[in-house]
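Enquirer: Contents of final_2.cif (mmCIF, C-alpha atoms) are below:
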```cif
data_work
#
loop_
_atom_site.label_atom_id
_atom_site.label_comp_id
_atom_site.auth_asym_id
_atom_site.auth_seq_id
_atom_site.Cartn_x
_atom_site.Cartn_y
_atom_site.Cartn_z
CA MET X 3 5.41 0.19 20.83
CA VAL X 4 4.71 -2.30 18.07
CA GLN X 5 5.04 -1.86 14.32
CA LEU X 6 1.95 -2.51 12.17
CA ARG X 7 2.47 -3.29 8.48
CA LEU X 8 -0.22 -3.65 5.82
CA PHE X 9 0.02 -5.21 2.39
CA ALA X 10 -1.78 -5.38 -0.95
CA ARG X 11 -5.50 -4.46 -0.86
CA PHE X 12 -5.34 -3.63 2.86
CA ARG X 13 -2.48 -1.16 2.34
CA GLU X 14 -4.27 0.48 -0.61
CA GLU X 15 -7.74 0.71 0.88
CA LEU X 16 -6.54 1.90 4.30
CA GLY X 17 -3.95 4.25 2.83
CA VAL X 18 -1.37 3.06 5.37
CA ASP X 19 1.86 1.20 4.68
CA SER X 20 3.08 1.00 8.27
CA GLU X 21 2.57 2.70 11.61
CA GLN X 22 3.79 2.57 15.21
CA LEU X 23 1.21 1.73 17.88
CA GLU X 24 1.21 1.77 21.67
CA SER X 25 1.50 -1.82 22.86
CA ASP X 26 0.55 -1.41 26.54
CA ASP X 27 -2.82 -3.20 26.37
CA LEU X 28 -2.03 -5.58 23.49
CA ARG X 29 -1.68 -9.15 24.75
CA CYS X 30 -2.33 -10.87 21.43
CA VAL X 31 -3.12 -10.12 17.79
CA GLU X 32 -6.86 -10.20 18.48
CA ASP X 33 -6.43 -7.24 20.86
CA LEU X 34 -4.79 -5.31 18.04
CA LEU X 35 -7.56 -6.27 15.58
CA SER X 36 -10.22 -5.10 18.05
CA ARG X 37 -8.49 -1.78 18.53
CA LEU X 38 -8.14 -1.23 14.78
CA ARG X 39 -11.80 -2.11 14.13
CA GLN X 40 -12.80 0.65 16.54
CA ARG X 41 -11.38 3.16 14.06
CA GLY X 42 -14.49 2.50 11.92
CA GLY X 43 -14.76 3.08 8.16
CA ALA X 44 -12.57 0.87 5.99
CA TRP X 45 -10.80 -0.47 9.11
CA SER X 46 -13.93 -2.04 10.56
CA ARG X 47 -15.04 -3.26 7.11
CA LEU X 48 -11.75 -4.88 6.03
CA LEU X 49 -10.93 -6.35 9.45
CA ALA X 50 -14.49 -7.49 10.26
CA GLU X 51 -14.73 -10.88 11.96
CA ASP X 52 -16.29 -12.49 8.87
CA GLN X 53 -13.45 -11.36 6.59
CA ARG X 54 -10.57 -13.62 5.63
CA ILE X 55 -7.51 -12.00 7.13
CA MET X 56 -4.00 -13.39 7.26
CA MET X 57 -1.53 -12.17 9.85
CA ALA X 58 2.13 -12.48 10.71
CA VAL X 59 4.13 -11.62 13.82
CA ASN X 60 7.83 -10.93 13.28
CA GLN X 61 7.47 -12.30 9.74
CA GLU X 62 6.05 -15.69 10.81
CA MET X 63 2.46 -16.68 10.03
CA ALA X 64 0.32 -16.06 13.13
CA ASN X 65 -3.29 -16.26 14.34
CA PRO X 66 -5.48 -14.06 16.54
CA GLN X 67 -4.21 -15.82 19.68
CA THR X 68 -0.52 -15.25 18.91
CA PRO X 69 0.92 -13.27 21.87
CA LEU X 70 2.48 -9.85 21.33
CA GLN X 71 5.23 -7.95 23.06
CA ALA X 72 6.84 -4.55 22.68
CA GLY X 73 9.00 -4.31 19.57
CA ASP X 74 7.00 -6.86 17.54
CA GLU X 75 6.29 -6.36 13.86
CA ILE X 76 2.69 -7.32 13.08
CA ALA X 77 1.51 -7.62 9.48
CA LEU X 78 -2.10 -7.87 8.29
CA PHE X 79 -2.94 -8.89 4.75
CA PRO X 80 -5.57 -10.55 2.56
CA PRO X 81 -5.18 -14.23 1.58
CA VAL X 82 -2.05 -14.65 -0.53
CA THR X 83 -2.19 -15.16 -4.30
CA GLY X 84 1.33 -15.99 -5.47
CA GLY X 85 2.52 -18.84 -7.64
CA MET L 30 20.91 -28.40 -1.04
CA TYR L 31 18.31 -25.80 -2.01
CA THR L 32 18.20 -22.33 -3.53
CA ILE L 33 15.40 -19.81 -3.04
CA ARG L 34 15.22 -16.56 -4.96
CA VAL L 35 12.73 -13.71 -5.20
CA ASP L 36 13.55 -11.86 -8.40
CA SER L 37 12.33 -8.58 -9.88
CA GLU L 38 13.90 -9.52 -13.25
CA PRO L 39 12.66 -12.16 -15.73
CA PHE L 40 14.31 -15.56 -15.27
CA ASP L 41 14.90 -18.55 -17.55
CA PRO L 42 13.36 -21.69 -16.02
CA ASN L 43 15.44 -23.98 -18.26
CA HIS L 44 18.65 -22.41 -17.02
CA GLU L 45 17.52 -22.86 -13.41
CA VAL L 46 16.76 -26.55 -14.02
CA ASP L 47 20.18 -27.00 -15.67
CA LEU L 48 21.84 -25.53 -12.59
CA LEU L 49 19.86 -27.86 -10.32
CA ARG L 50 20.59 -31.06 -12.20
CA GLY L 51 24.29 -30.19 -12.47
CA GLU L 52 24.64 -30.00 -8.69
CA ASP L 53 24.88 -33.69 -7.84
CA PRO L 54 25.51 -36.87 -9.88
CA ALA L 55 23.22 -38.75 -7.48
CA ILE L 56 20.24 -36.97 -9.04
CA GLY L 57 18.17 -39.39 -11.12
CA ALA L 58 15.01 -37.32 -11.54
CA VAL L 59 14.04 -33.68 -11.78
CA VAL L 60 10.43 -32.52 -11.70
CA SER L 61 9.68 -28.87 -12.33
CA PHE L 62 6.56 -26.75 -12.19
CA ILE L 63 6.53 -23.45 -14.07
CA GLY L 64 3.69 -21.03 -13.37
CA LEU L 65 3.11 -18.61 -16.25
CA MET L 66 1.27 -15.35 -16.53
CA ARG L 67 -1.88 -15.71 -18.65
CA ASP L 68 -3.48 -12.96 -20.73
CA LEU L 69 -6.98 -13.99 -19.61
CA ASN L 70 -8.45 -14.27 -16.10
CA GLU L 71 -12.08 -14.40 -14.93
CA GLY L 72 -13.13 -13.66 -18.52
CA ASP L 73 -11.13 -10.43 -18.88
CA ARG L 74 -8.05 -9.68 -20.96
CA VAL L 75 -5.09 -8.97 -18.69
CA ALA L 76 -2.50 -6.59 -20.13
CA ASN L 77 0.02 -6.87 -17.29
CA MET L 78 0.32 -7.79 -13.66
CA PHE L 79 2.07 -6.48 -10.57
CA LEU L 80 3.27 -8.91 -7.94
CA GLU L 81 3.64 -7.47 -4.45
CA HIS L 82 5.47 -9.33 -1.68
CA TYR L 83 6.61 -8.97 1.92
CA PRO L 84 10.40 -8.72 1.67
CA GLY L 85 12.13 -10.84 4.29
CA MET L 86 9.06 -12.83 5.27
CA THR L 87 8.64 -14.12 1.72
CA GLU L 88 12.09 -15.71 1.67
CA ASN L 89 11.59 -17.14 5.18
CA ALA L 90 8.21 -18.62 4.27
CA LEU L 91 9.61 -20.25 1.11
CA GLU L 92 12.52 -21.68 3.07
CA GLN L 93 10.18 -23.19 5.66
CA ILE L 94 8.09 -24.83 2.93
CA VAL L 95 11.16 -26.28 1.21
CA LYS L 96 12.49 -27.57 4.55
CA LEU L 97 9.16 -29.34 5.18
CA ALA L 98 9.52 -31.08 1.81
CA PHE L 99 13.07 -32.16 2.66
CA GLU L 100 11.79 -33.63 5.94
CA ARG L 101 9.02 -35.52 4.18
CA TRP L 102 10.86 -36.92 1.14
CA GLN L 103 14.35 -38.05 0.27
CA LEU L 104 15.50 -35.19 -1.99
CA GLN L 105 18.78 -34.30 -3.64
CA GLY L 106 18.07 -30.65 -4.31
CA CYS L 107 15.51 -27.93 -4.95
CA ARG L 108 15.30 -24.50 -6.62
CA VAL L 109 12.43 -22.12 -6.10
CA VAL L 110 12.40 -18.83 -8.03
CA HIS L 111 9.49 -16.37 -7.81
CA ARG L 112 9.05 -13.13 -9.74
CA VAL L 113 7.90 -9.88 -8.15
CA GLY L 114 7.14 -6.48 -9.67
CA GLU L 115 5.80 -5.90 -13.19
CA LEU L 116 5.03 -8.98 -15.32
CA LYS L 117 3.78 -9.42 -18.88
CA PRO L 118 1.71 -12.30 -20.30
CA THR L 119 3.85 -15.41 -21.00
CA ASP L 120 6.40 -14.40 -18.30
CA PRO L 121 7.29 -17.20 -15.88
CA ILE L 122 5.91 -16.27 -12.44
CA VAL L 123 7.32 -19.15 -10.45
CA LEU L 124 9.59 -22.14 -10.87
CA VAL L 125 9.63 -25.04 -8.43
CA ALA L 126 12.22 -27.62 -9.45
CA VAL L 127 12.91 -30.65 -7.28
CA ALA L 128 15.64 -33.28 -7.71
CA SER L 129 15.71 -36.76 -6.22
CA ALA L 130 17.22 -40.17 -6.96
CA HIS L 131 13.89 -41.50 -8.27
CA ARG L 132 10.87 -39.82 -9.83
CA LYS L 133 8.18 -40.41 -7.20
CA GLU L 134 9.77 -38.27 -4.49
CA ALA L 135 10.41 -35.43 -6.95
CA PHE L 136 6.83 -35.47 -8.32
CA GLN L 137 5.27 -35.41 -4.87
CA ALA L 138 7.62 -32.86 -3.34
CA CYS L 139 7.19 -30.49 -6.31
CA GLU L 140 3.41 -30.55 -5.97
CA PHE L 141 3.65 -30.17 -2.19
CA ILE L 142 5.90 -27.10 -2.48
CA ILE L 143 3.74 -25.29 -5.04
CA ASP L 144 0.55 -26.11 -3.10
CA TYR L 145 2.02 -24.65 0.11
CA LEU L 146 3.53 -21.67 -1.71
CA LYS L 147 0.06 -20.80 -3.07
CA THR L 148 -1.44 -20.42 0.41
CA GLN L 149 1.48 -19.66 2.74
CA ALA L 150 3.96 -17.40 0.93
CA PRO L 151 3.15 -13.68 1.12
CA PHE L 152 2.71 -12.67 -2.52
CA TRP L 153 -0.26 -10.77 -3.96
CA LYS L 154 -1.20 -10.37 -7.63
CA LYS L 155 -2.75 -7.23 -9.03
CA GLU L 156 -3.99 -7.38 -12.61
CA ALA L 157 -4.40 -4.55 -15.10
CA THR L 158 -7.42 -5.34 -17.31
CA GLU L 159 -9.48 -3.39 -19.84
CA ASN L 160 -11.79 -2.53 -16.92
CA GLY L 161 -9.04 -1.21 -14.67
CA GLU L 162 -6.80 -2.68 -11.98
CA ARG L 163 -7.93 -5.36 -9.54
CA TRP L 164 -6.42 -7.54 -6.84
CA VAL L 165 -6.68 -11.25 -7.61
CA ASP L 166 -8.82 -13.22 -5.14
CA ALA L 167 -7.50 -16.34 -3.41
CA ARG L 168 -9.07 -19.63 -4.53
CA ASP L 169 -10.78 -22.03 -2.12
CA SER L 170 -9.37 -24.94 -4.15
CA ASP L 171 -5.87 -23.88 -3.06
CA ASP L 172 -6.84 -24.21 0.60
CA GLU L 173 -8.35 -27.61 -0.14
CA ALA L 174 -5.04 -28.79 -1.63
CA ILE L 175 -3.27 -27.98 1.65
CA ARG L 176 -5.89 -29.80 3.70
CA GLN L 177 -5.26 -32.91 1.62
CA TRP L 178 -1.51 -32.78 2.27
CA SER L 179 -2.07 -32.46 6.00
CA GLN L 180 -4.63 -35.28 6.10
CA THR L 181 -2.94 -37.85 3.91
CA GLY L 182 0.46 -39.47 3.87
CA ASN L 183 2.92 -39.12 1.03
CA ASP L 184 0.75 -41.04 -1.43
CA HIS L 185 -1.36 -37.97 -2.13
#
```
Could I get this structure in the form of structure tokens?
Expert:
Amino acid sequence: MVQLRLFARFREELGVDSEQLESDDLRCVEDLLSRLRQRGGAWSRLLAEDQRIMMAVNQEMANPQTPLQAGDEIALFPPVTGG
Amino acid sequence: MYTIRVDSEPFDPNHEVDLLRGEDPAIGAVVSFIGLMRDLNEGDRVANMFLEHYPGMTENALEQIVKLAFERWQLQGCRVVHRVGELKPTDPIVLVAVASAHRKEAFQACEFIIDYLKTQAPFWKKEATENGERWVDARDSDDEAIRQWSQTGNDH
């Protein structure tokens, strides 16, 4: 299993703060994004390939090619706006 | 060497700078940036703002940015404080204060840290305006600032 976490606009529009997902076929973050897009609706709209998405694996900035393994915490969020 | 704090309570930037400059008599220069909450954005009055963050990752990301600055310049100290939660106009949002022996290192490192914080630290602003709540969009100019740091040397 892996833990998915969502923040800011993603968390609000998807109505999900965090969830556990089967990790068997997830080699990298892109695999997870593809699986989530297949849910349709707001998932496919917010995570579409032309959208600006930031991602982190185990609380480090990541990219679609970052490898995944069981137990990882993956976060998806819109571009950050602090400061 | 450096202090990083994510705070849900208002903070006094002057007090933070006093703490920094008192740390080490080798400090000859302190440069600080204070980001403040404005009551106007994109043409709308903003009554208040909520700052969301990613607890744990936020602190790690800030620490990595500060460490990069210490690798790049000769610095004597640094304090970064960032608010989260509910903010009102005029509240300080962020303080980046950098101390060095001479001014040039402190000026450059301060700008470097705030530029990286803007695009790499997981904070998100949500504004309450007369027309309802809205998430603030990231600015392309912030990404451009990072590209310049990665392309040029220290004489940015």
Enquirer: Carefully work through the PyMOL selection byres ((chain X) within 9 of (chain L)) for this structure and note down the residues it includes, as a list in words.
Expert: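 For this structure, the PyMOL selection byres ((chain X) within 9 of (chain L)) resolves to Phe9, Ala10, Arg11, Ala58, Asn60, Gln61, Glu62, Met63, Phe79, Pro80, Pro81, Val82, Thr83, Gly84 and Gly85 of chain X.
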Enquirer: Ranking L:Val95, L:Val109, L:Ala135, L:Leu116 by minimum distance to Leu48 (chain L) and counting only C-alpha atoms, which one comes first?
Expert: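 Distance minimum relative to Leu48 (chain L) lands on L:Val109.
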Enquirer: What's the separation between CA of Glu21 (chain X) and CA of Arg39 (chain X), in Å to one decimal place?
Expert: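 So the two atoms, CA of Glu21 (chain X) and CA of Arg39 (chain X), lie 15.4 Å apart.
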Enquirer: Please expand the PyMOL selection byres ((chain L and resi 39) around 8) into the concrete residues it hits in this file, giving the result as a ChimeraX atom specification.
Expert: /L:36-38,40-41,112,120-121
Enquirer: Using only C-alpha atoms, determine which residues lie at most 12 Å from Ser129 (chain L), disregarding the query and same-chain residues fewer than 6 positions distant; provide the list as a list in words.
Expert: Met30, Leu49, Arg50, Glu52, Asp53, Pro54, Ala55, Ile56, Gly57, Ala58, Val59, Val60, Ser61, Ala98, Phe99, Trp102, Gln103, Leu104, Gln105, Gly106, Cys107, Ala135, Phe136, Gln137, Ala138 and Cys139 of chain L
Enquirer: Identify which of the residues X:Ile76, X:Gly43, X:Ile55, X:Gln67 lies closest to Asp19 (chain X), counting only C-alpha atoms when measuring atom-to-atom distances.
Expert: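 Going through X:Ile76, X:Gly43, X:Ile55, X:Gln67 one by one, the smallest distance to Asp19 (chain X) is for X:Ile76.
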Enquirer: Have a look at CA of Ile94 (chain L) and CA of Asn65 (chain X) and let me know their distance in Å, one decimal.
Expert: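 Value for the CA of Ile94 (chain L)-CA of Asn65 (chain X) distance: 18.3 Å.
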Enquirer: Could you state the separation of CA of Gln40 (chain X) and CA of Leu16 (chain X) in Å, given to one decimal place?
Expert: 13.8 Å
Enquirer: Run the PyMOL selection byres ((chain L and resi 76) around 9) mentally over the shown coordinates, then write out the matched residues as a ChimeraX atom specification, using the chain letters and numbers from the document.
Expert: /L:68-69,74-75,77-78,117-118,156-159
